[in-house]
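A.B. asks: Below are the structure tokens for one structure; questions will follow.
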Amino acid sequence: MKLSETVPGVALNTLSRVAGRPAGAATFALFHFFALRHGVKAERIVTVSGVCDFDYLVDEFASALGLRPRLKAELHRRIARDLFPGLPADRSPFSAAHTAEEVDAPLLVIHDADDTRIGVEQGRRLSGAFGERARLVVTSGLGHRRILGDPEVARAAVDFVEHGPGASHLPQH
């Protein structure tokens, strides 16, 4: 059982559950939180190897290209202006952590300690922002890609989505 096959992520007007991460789309969780901030409702949320902060994506992109600081700053400025118009300066670009006051659904954050694509600090930051409403599960040895195929991870996500907080058997971190 693969999580990506079992619990597809969708974002429509009203959701009973939000879960998933299609292969190659680490930004999926970030976009769900953007939709939740703008009126989409959810009963429960699961993120797997998700990005909390849009800035993280820009910084990783700039690093991969070896952009100089001035060009990286300009990239940040244009993204804030063109993609996030109307957001306050302290909340632009978008961060899922900024939705904690507006989104009241319980959250399961699953991230692998050995994820070299999206660092586990992104999962820790997201769960930390949601406090008591979030449960962080940190796996080990699965990295960014194998985590979705892990039967224990899939079972934990499905249990959470179907039965709510407290249903998962994976240890909390």
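Chain labels A, B, ... are given in the sequence in which chains occur in the structure tokens; within each chain residues are numbered consecutively from 1, and ligands are likewise numbered from 1 in the order shown.
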If you run DSSP over the backbone, which residues in range 14-142 of chain A end up strand (DSSP E or B)? Put them as an MDAnalysis selection string.

C.D. replies: chainID A and resid 14 17:18 41 44:48 53 95 107:112 134:139

A.B. asks: One number please: CA of Ala154 in chain A to CA of Glu60 in chain A, in Å, one decimal.

C.D. replies: 27.5 Å

A.B. asks: When distances are computed from only C-alpha atoms, which of A:Gly143, A:Asp55, A:Leu67, A:Ser95 shows the smallest separation from Ile118 in chain A?

C.D. replies: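 The shortest atom-to-atom distance to Ile118 in chain A comes from A:Gly143.
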
A.B. asks: For CA of Leu83 in chain A and CA of Leu136 in chain A, determine how far apart the two atoms are, in Å to one decimal place.

C.D. replies: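 One can read the CA of Leu83 in chain A to CA of Leu136 in chain A distance as 29.5 Å.
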
A.B. asks: Could you pull out all residues of range 35-108 of chain A with a DSSP call of helix (DSSP H, G or I) and give them as a ChimeraX atom specification?

C.D. replies: /A:35-37,54-65,69-83,89-91,96-99

A.B. asks: Find the spatial neighbours of range 103-111 of chain A, counting only C-alpha atoms, within a cut-off of 8 Å - ignore same-chain residues fewer than 3 positions away - and output them as a PDB file with N, CA and C atoms, in the first residue's frame.

C.D. replies:
```
ATOM      1  N   LEU A  36      -6.336  26.643   2.473  1.00  0.00           N
ATOM      2  CA  LEU A  36      -7.017  26.666   3.766  1.00  0.00           C
ATOM      3  C   LEU A  36      -7.092  28.089   4.306  1.00  0.00           C
ATOM      4  N   ARG A  37      -6.066  28.860   4.084  1.00  0.00           N
ATOM      5  CA  ARG A  37      -6.054  30.251   4.539  1.00  0.00           C
ATOM      6  C   ARG A  37      -7.083  31.093   3.794  1.00  0.00           C
ATOM      7  N   LYS A  41     -11.989  24.494   3.893  1.00  0.00           N
ATOM      8  CA  LYS A  41     -12.066  23.935   5.248  1.00  0.00           C
ATOM      9  C   LYS A  41     -11.639  22.475   5.219  1.00  0.00           C
ATOM     10  N   ALA A  42     -11.060  21.996   6.309  1.00  0.00           N
ATOM     11  CA  ALA A  42     -10.649  20.594   6.423  1.00  0.00           C
ATOM     12  C   ALA A  42     -10.870  20.121   7.846  1.00  0.00           C
ATOM     13  N   GLU A  43     -11.223  18.857   7.996  1.00  0.00           N
ATOM     14  CA  GLU A  43     -11.364  18.260   9.327  1.00  0.00           C
ATOM     15  C   GLU A  43     -10.024  17.800   9.871  1.00  0.00           C
ATOM     16  N   ARG A  44      -9.178  17.267   8.982  1.00  0.00           N
ATOM     17  CA  ARG A  44      -7.865  16.771   9.372  1.00  0.00           C
ATOM     18  C   ARG A  44      -6.879  17.020   8.228  1.00  0.00           C
ATOM     19  N   ILE A  45      -5.610  17.204   8.592  1.00  0.00           N
ATOM     20  CA  ILE A  45      -4.572  17.490   7.603  1.00  0.00           C
ATOM     21  C   ILE A  45      -3.385  16.569   7.847  1.00  0.00           C
ATOM     22  N   VAL A  46      -2.864  15.985   6.777  1.00  0.00           N
ATOM     23  CA  VAL A  46      -1.646  15.171   6.837  1.00  0.00           C
ATOM     24  C   VAL A  46      -0.659  15.754   5.846  1.00  0.00           C
ATOM     25  N   THR A  47       0.573  15.969   6.278  1.00  0.00           N
ATOM     26  CA  THR A  47       1.636  16.351   5.355  1.00  0.00           C
ATOM     27  C   THR A  47       2.737  15.301   5.444  1.00  0.00           C
ATOM     28  N   VAL A  48       3.320  14.987   4.309  1.00  0.00           N
ATOM     29  CA  VAL A  48       4.429  14.030   4.246  1.00  0.00           C
ATOM     30  C   VAL A  48       5.560  14.716   3.492  1.00  0.00           C
ATOM     31  N   SER A  49       6.667  14.932   4.171  1.00  0.00           N
ATOM     32  CA  SER A  49       7.847  15.574   3.574  1.00  0.00           C
ATOM     33  C   SER A  49       7.496  16.910   2.941  1.00  0.00           C
ATOM     34  N   GLY A  50       6.632  17.641   3.584  1.00  0.00           N
ATOM     35  CA  GLY A  50       6.136  18.886   3.024  1.00  0.00           C
ATOM     36  C   GLY A  50       6.984  20.098   3.354  1.00  0.00           C
ATOM     37  N   THR A  99      -0.635  30.190   9.086  1.00  0.00           N
ATOM     38  CA  THR A  99      -2.049  29.802   9.050  1.00  0.00           C
ATOM     39  C   THR A  99      -2.519  29.175  10.354  1.00  0.00           C
ATOM     40  N   ALA A 100      -1.632  28.998  11.305  1.00  0.00           N
ATOM     41  CA  ALA A 100      -1.972  28.271  12.540  1.00  0.00           C
ATOM     42  C   ALA A 100      -3.160  28.880  13.280  1.00  0.00           C
ATOM     43  N   ASP A 115      15.858  13.120   4.988  1.00  0.00           N
ATOM     44  CA  ASP A 115      15.355  13.755   3.772  1.00  0.00           C
ATOM     45  C   ASP A 115      16.347  14.831   3.345  1.00  0.00           C
ATOM     46  N   VAL A 120      14.169  18.164   7.372  1.00  0.00           N
ATOM     47  CA  VAL A 120      13.210  17.847   8.428  1.00  0.00           C
ATOM     48  C   VAL A 120      12.839  19.079   9.247  1.00  0.00           C
ATOM     49  N   GLY A 123       9.355  20.266   8.556  1.00  0.00           N
ATOM     50  CA  GLY A 123       8.309  19.549   9.285  1.00  0.00           C
ATOM     51  C   GLY A 123       8.230  19.986  10.733  1.00  0.00           C
ATOM     52  N   LEU A 126       6.567  23.451  10.904  1.00  0.00           N
ATOM     53  CA  LEU A 126       5.125  23.368  10.690  1.00  0.00           C
ATOM     54  C   LEU A 126       4.414  22.827  11.921  1.00  0.00           C
ATOM     55  N   SER A 127       4.892  21.726  12.455  1.00  0.00           N
ATOM     56  CA  SER A 127       4.227  21.154  13.639  1.00  0.00           C
ATOM     57  C   SER A 127       4.356  22.085  14.838  1.00  0.00           C
ATOM     58  N   PHE A 130       1.691  24.813  14.932  1.00  0.00           N
ATOM     59  CA  PHE A 130       0.345  24.359  15.265  1.00  0.00           C
ATOM     60  C   PHE A 130       0.229  23.845  16.702  1.00  0.00           C
ATOM     61  N   ARG A 133      -2.255  21.041  18.433  1.00  0.00           N
ATOM     62  CA  ARG A 133      -3.095  20.470  17.370  1.00  0.00           C
ATOM     63  C   ARG A 133      -2.298  19.631  16.392  1.00  0.00           C
ATOM     64  N   ALA A 134      -0.966  19.646  16.509  1.00  0.00           N
ATOM     65  CA  ALA A 134      -0.115  18.924  15.569  1.00  0.00           C
ATOM     66  C   ALA A 134       0.579  17.753  16.231  1.00  0.00           C
ATOM     67  N   ARG A 135       0.787  16.736  15.439  1.00  0.00           N
ATOM     68  CA  ARG A 135       1.578  15.584  15.855  1.00  0.00           C
ATOM     69  C   ARG A 135       2.681  15.421  14.829  1.00  0.00           C
ATOM     70  N   LEU A 136       3.936  15.407  15.282  1.00  0.00           N
ATOM     71  CA  LEU A 136       5.088  15.248  14.401  1.00  0.00           C
ATOM     72  C   LEU A 136       5.604  13.822  14.510  1.00  0.00           C
ATOM     73  N   VAL A 137       5.727  13.163  13.377  1.00  0.00           N
ATOM     74  CA  VAL A 137       6.333  11.837  13.311  1.00  0.00           C
ATOM     75  C   VAL A 137       7.565  11.962  12.440  1.00  0.00           C
ATOM     76  N   VAL A 138       8.722  11.678  13.015  1.00  0.00           N
ATOM     77  CA  VAL A 138       9.975  11.724  12.262  1.00  0.00           C
ATOM     78  C   VAL A 138      10.451  10.297  12.064  1.00  0.00           C
ATOM     79  N   THR A 139      10.514   9.875  10.806  1.00  0.00           N
ATOM     80  CA  THR A 139      11.021   8.547  10.479  1.00  0.00           C
ATOM     81  C   THR A 139      12.520   8.652  10.228  1.00  0.00           C
ATOM     82  N   ILE A 147       9.658   7.455   1.565  1.00  0.00           N
ATOM     83  CA  ILE A 147       8.731   7.633   2.680  1.00  0.00           C
ATOM     84  C   ILE A 147       7.283   7.327   2.266  1.00  0.00           C
ATOM     85  N   VAL A 153       4.212   4.288   7.360  1.00  0.00           N
ATOM     86  CA  VAL A 153       3.853   5.688   7.120  1.00  0.00           C
ATOM     87  C   VAL A 153       2.457   5.758   6.513  1.00  0.00           C
ATOM     88  N   ALA A 157      -0.863   7.570   8.237  1.00  0.00           N
ATOM     89  CA  ALA A 157      -1.614   8.637   7.572  1.00  0.00           C
ATOM     90  C   ALA A 157      -3.076   8.247   7.381  1.00  0.00           C
ATOM     91  N   PHE A 160      -4.923   8.306  10.700  1.00  0.00           N
ATOM     92  CA  PHE A 160      -5.190   9.684  11.120  1.00  0.00           C
ATOM     93  C   PHE A 160      -6.347  10.284  10.324  1.00  0.00           C
ATOM     94  N   GLY A 164      -8.816  10.178  13.031  1.00  0.00           N
ATOM     95  CA  GLY A 164      -8.440  11.378  13.757  1.00  0.00           C
ATOM     96  C   GLY A 164      -7.210  11.213  14.621  1.00  0.00           C
ATOM     97  N   PRO A 165      -6.871  12.263  15.373  1.00  0.00           N
ATOM     98  CA  PRO A 165      -5.684  12.247  16.237  1.00  0.00           C
ATOM     99  C   PRO A 165      -5.750  11.081  17.225  1.00  0.00           C
TER     100      PRO A 165
END
```

A.B. asks: Could you work out how far CA of Pro85 in chain A lies from CA of Arg68 in chain A, giving the answer in Å with one decimal?

C.D. replies: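 CA of Arg68 in chain A sits 25.0 Å away from CA of Pro85 in chain A.
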